[in-house]
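Below is one structure, written out as structure tokens, with a few remarks after it.
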Amino acid sequence: MTEMIDLAAQARLVAQLAEHTDETRLDAPTPCETYAVGHLLGHLVGLAGAFQDVARKQRTPATSGPPDGAHRPDVEPGWRAELERNLRGMVEAWRDPQAWEGETHAGIALPGAVAGRVALNELVLHGWDLARATGQEYAPGRADLDACHALLASWAEEGRPKEGPFGPPVPVPEDAPLLDRVVALSGRRPDWAPPGRRPSRCGVPRPPGPAAGGSRGSGLNGLGITRERPPGRRGAAGS
């Protein structure tokens, strides 16, 4: 039986990063050269929805062909709730053992087991993009990083098509942190930071502060994320 990967832990990280992204930073640059933070979040909303169709082996416009490299998705009103909803759906779709069997489409035909790892890789790499762009700490799980490293290393050995989503691997020391090695294999510079800001440390989780303009009562609890209430205050029932 094909080994399955639970996407829940990484989806929680992405949801938490998005929840603590200040609305005033949507125009800030990211490690993805053509994307600002708002474009990156829009891309995450879209891919979390599309990979549900990939898991269910449904051919849709989002899964049938390669992404349009010139298109820059943006966030719409209510994007936080939509991202949380799509991430929950993505996690549940890939908990079905049938998603990991047979063949599916994610731009190109792929075995389900590979497509599931591509889905994880998208969350890990774009989580790093968002964390770096917004100055948040980021520490994916070791097992998730191992899976992404194996996937990216296999692609690097096979040779990447010029039209693919990744640039050539960036050299890093052999003893570099695993997250840095994963990022470098994707063609990103692990030391990337926004202009005028030093890069944050990888692998050291630190709860970010509340986001300006963040939504109240959003569905992070569905991904296992809870908010701390200030002392002396009680939330409304059902919040």
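Residues in the structure tokens are named by chain (A, B, ... in the order shown) and by number from 1 within that chain; ligands are numbered from 1 in the order shown.
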Which residues of stretch 69-150 of chain A come within 12 Å of stretch 56-59 of chain A, and what is each one's closest atom pair and distance in Å (one decimal), counting only C-alpha atoms, sorted by chain and residue number, as a Markdown table?
| residue | atom | partner | partner_atom | distance |
| --- | --- | --- | --- | --- |
| A:Gly89 | CA | A:Arg56 | CA | 11.2 |
| A:Met90 | CA | A:Arg56 | CA | 10.2 |
| A:Glu92 | CA | A:Arg56 | CA | 10.7 |
| A:Ala93 | CA | A:Arg56 | CA | 7.0 |
| A:Trp94 | CA | A:Arg56 | CA | 8.4 |
| A:Arg95 | CA | A:Arg56 | CA | 10.8 |
| A:Asp96 | CA | A:Arg56 | CA | 8.7 |
| A:Pro97 | CA | A:Arg56 | CA | 10.5 |
| A:Gln98 | CA | A:Arg56 | CA | 8.0 |
| A:Ala99 | CA | A:Arg56 | CA | 6.1 |
| A:Trp100 | CA | A:Arg56 | CA | 9.6 |
| A:Glu101 | CA | A:Lys57 | CA | 10.1 |
| A:Gly102 | CA | A:Lys57 | CA | 9.2 |
| A:Glu103 | CA | A:Lys57 | CA | 7.7 |
| A:Thr104 | CA | A:Lys57 | CA | 5.1 |
| A:His105 | CA | A:Lys57 | CA | 6.8 |
| A:Ala106 | CA | A:Arg59 | CA | 8.9 |
| A:Gly107 | CA | A:Arg59 | CA | 9.7 |
| A:Ile108 | CA | A:Arg59 | CA | 10.8 |
| A:Ala109 | CA | A:Lys57 | CA | 10.4 |
| A:Leu110 | CA | A:Lys57 | CA | 10.4 |
| A:Pro111 | CA | A:Lys57 | CA | 10.5 |
| A:Gly112 | CA | A:Lys57 | CA | 8.5 |
| A:Ala115 | CA | A:Lys57 | CA | 10.4 |
| A:Gly116 | CA | A:Arg56 | CA | 11.2 |
> Out of stretch 10-162 of chain A, which residues get strand (DSSP E) from DSSP, as number ranges by chain?
Replying inline: A: 103-105, 109-111
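Nearest-residue note for A:Ser64: choosing from A:Ala11, A:Ala18, A:Ala50, A:Leu40, the minimum distance belongs to A:Ala50, counting only C-alpha atoms.
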> Using only C-alpha atoms, which residues sit within 7 Å of stretch 73-80 of chain A once same-chain residues fewer than 2 positions away are excluded, as an NGL selection string?
Replying inline: :A and (19 or 38-39 or 41-43 or 71 or 82-84)
Expected file contents, prior selection, N, CA and C atoms, as an mmCIF file, in the first residue's frame:
data_model
loop_
_atom_site.group_PDB
_atom_site.id
_atom_site.type_symbol
_atom_site.label_atom_id
_atom_site.label_comp_id
_atom_site.auth_asym_id
_atom_site.auth_seq_id
_atom_site.Cartn_x
_atom_site.Cartn_y
_atom_site.Cartn_z
ATOM 1 N N GLU A 19 -2.999 33.992 9.022
ATOM 2 C CA GLU A 19 -3.809 34.671 10.029
ATOM 3 C C GLU A 19 -3.059 35.845 10.645
ATOM 4 N N GLY A 38 0.222 39.712 -1.360
ATOM 5 C CA GLY A 38 -1.162 39.473 -1.757
ATOM 6 C C GLY A 38 -1.283 38.446 -2.865
ATOM 7 N N HIS A 39 -0.361 38.488 -3.840
ATOM 8 C CA HIS A 39 -0.380 37.484 -4.910
ATOM 9 C C HIS A 39 -0.084 36.094 -4.352
ATOM 10 N N LEU A 41 -0.637 34.969 -1.328
ATOM 11 C CA LEU A 41 -1.806 34.477 -0.601
ATOM 12 C C LEU A 41 -2.910 34.049 -1.565
ATOM 13 N N GLY A 42 -3.098 34.812 -2.639
ATOM 14 C CA GLY A 42 -4.077 34.415 -3.644
ATOM 15 C C GLY A 42 -3.717 33.087 -4.280
ATOM 16 N N HIS A 43 -2.422 32.876 -4.508
ATOM 17 C CA HIS A 43 -1.953 31.603 -5.060
ATOM 18 C C HIS A 43 -2.227 30.459 -4.089
ATOM 19 N N HIS A 71 0.194 34.954 -14.975
ATOM 20 C CA HIS A 71 -0.947 35.327 -14.136
ATOM 21 C C HIS A 71 -0.505 35.543 -12.699
ATOM 22 N N GLU A 82 -11.619 31.985 3.172
ATOM 23 C CA GLU A 82 -11.533 31.099 2.010
ATOM 24 C C GLU A 82 -10.283 30.229 2.069
ATOM 25 N N LEU A 83 -9.164 30.810 2.479
ATOM 26 C CA LEU A 83 -7.940 30.024 2.589
ATOM 27 C C LEU A 83 -8.086 28.936 3.643
ATOM 28 N N GLU A 84 -8.629 29.284 4.793
ATOM 29 C CA GLU A 84 -8.821 28.286 5.848
ATOM 30 C C GLU A 84 -9.737 27.156 5.375
#
> Neighbours of stretch 169-175 of chain A within 8 Å (only C-alpha atoms; same-chain residues fewer than 6 positions away dropped), as JSON, numbers by chain?
Replying inline: {"A": [156, 181, 184, 185, 186, 187, 188, 189]}
Let me see the file: selected residues, N, CA and C atoms, as an mmCIF file, in the first residue's frame.
data_model
loop_
_atom_site.group_PDB
_atom_site.id
_atom_site.type_symbol
_atom_site.label_atom_id
_atom_site.label_comp_id
_atom_site.auth_asym_id
_atom_site.auth_seq_id
_atom_site.Cartn_x
_atom_site.Cartn_y
_atom_site.Cartn_z
ATOM 1 N N ALA A 156 15.947 17.283 -9.155
ATOM 2 C CA ALA A 156 17.223 17.901 -9.505
ATOM 3 C C ALA A 156 18.125 16.898 -10.221
ATOM 4 N N ARG A 181 18.181 23.550 3.002
ATOM 5 C CA ARG A 181 18.499 22.679 1.870
ATOM 6 C C ARG A 181 17.278 22.452 0.987
ATOM 7 N N ALA A 184 16.795 25.695 -0.954
ATOM 8 C CA ALA A 184 17.825 25.831 -1.982
ATOM 9 C C ALA A 184 17.563 24.913 -3.170
ATOM 10 N N LEU A 185 17.067 23.704 -2.914
ATOM 11 C CA LEU A 185 16.763 22.784 -4.007
ATOM 12 C C LEU A 185 15.650 23.320 -4.905
ATOM 13 N N SER A 186 14.813 24.196 -4.360
ATOM 14 C CA SER A 186 13.730 24.770 -5.163
ATOM 15 C C SER A 186 14.202 25.965 -5.987
ATOM 16 N N GLY A 187 15.477 26.335 -5.846
ATOM 17 C CA GLY A 187 16.001 27.478 -6.581
ATOM 18 C C GLY A 187 15.904 28.788 -5.832
ATOM 19 N N ARG A 188 15.483 28.736 -4.565
ATOM 20 C CA ARG A 188 15.387 29.939 -3.747
ATOM 21 C C ARG A 188 16.669 30.113 -2.929
ATOM 22 N N ARG A 189 16.953 31.353 -2.561
ATOM 23 C CA ARG A 189 18.087 31.644 -1.683
ATOM 24 C C ARG A 189 17.620 31.574 -0.232
#
> Would you give me, as a ChimeraX atom specification, the residues in stretch 36-201 of chain A that DSSP reads as alpha helix (DSSP H)?
Replying inline: /A:37-55,61-64,79-93,112-134,142-158,178-185
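Of note, atom CA of A:Ala119 and atom CA of A:Ile5 are spaced 10.1 Å apart.
Closest approach to A:Thr30 among A:Leu145, A:Leu130, A:Val118, A:Leu47: A:Leu130, based on only C-alpha atoms.
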>> For A:Val14, find every residue with an atom within 12 Å (counting only C-alpha atoms), except residues of its own chain fewer than 5 positions away, and show them as a PyMOL selection string.
In response: chain A and resi 7-9+19-21+40-41+44-45+48+80+83-84+86-88+120+122-131+136-140+220+223+225
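Atom CA of A:Arg142 to atom CA of A:Glu3 spans 16.4 Å [interatomic distance, one decimal].
What separates atom CA of A:Leu13 from atom CA of A:Ala55 is a distance of 20.7 Å.
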>> If we count only C-alpha atoms and set the cut-off at 9 Å, which residues sit around A:Ala147, ignoring sequence neighbours fewer than 3 positions away in its own chain? Please answer as a ChimeraX atom specification.
In response: /A:5,117,120-121,142-144,150-152
> Out of A:Val183, A:Val54, A:Met4, A:Cys32, which residue has the shortest atom-to-atom distance to A:Arg72 when counting only C-alpha atoms?
Replying inline: A:Cys32
> Which neighbours of A:Arg25 fall inside 9 Å, counting only C-alpha atoms, when residues of the same chain fewer than 5 positions from it are skipped, and could you give them as a ChimeraX atom specification?
Replying inline: /A:36-38,133-134
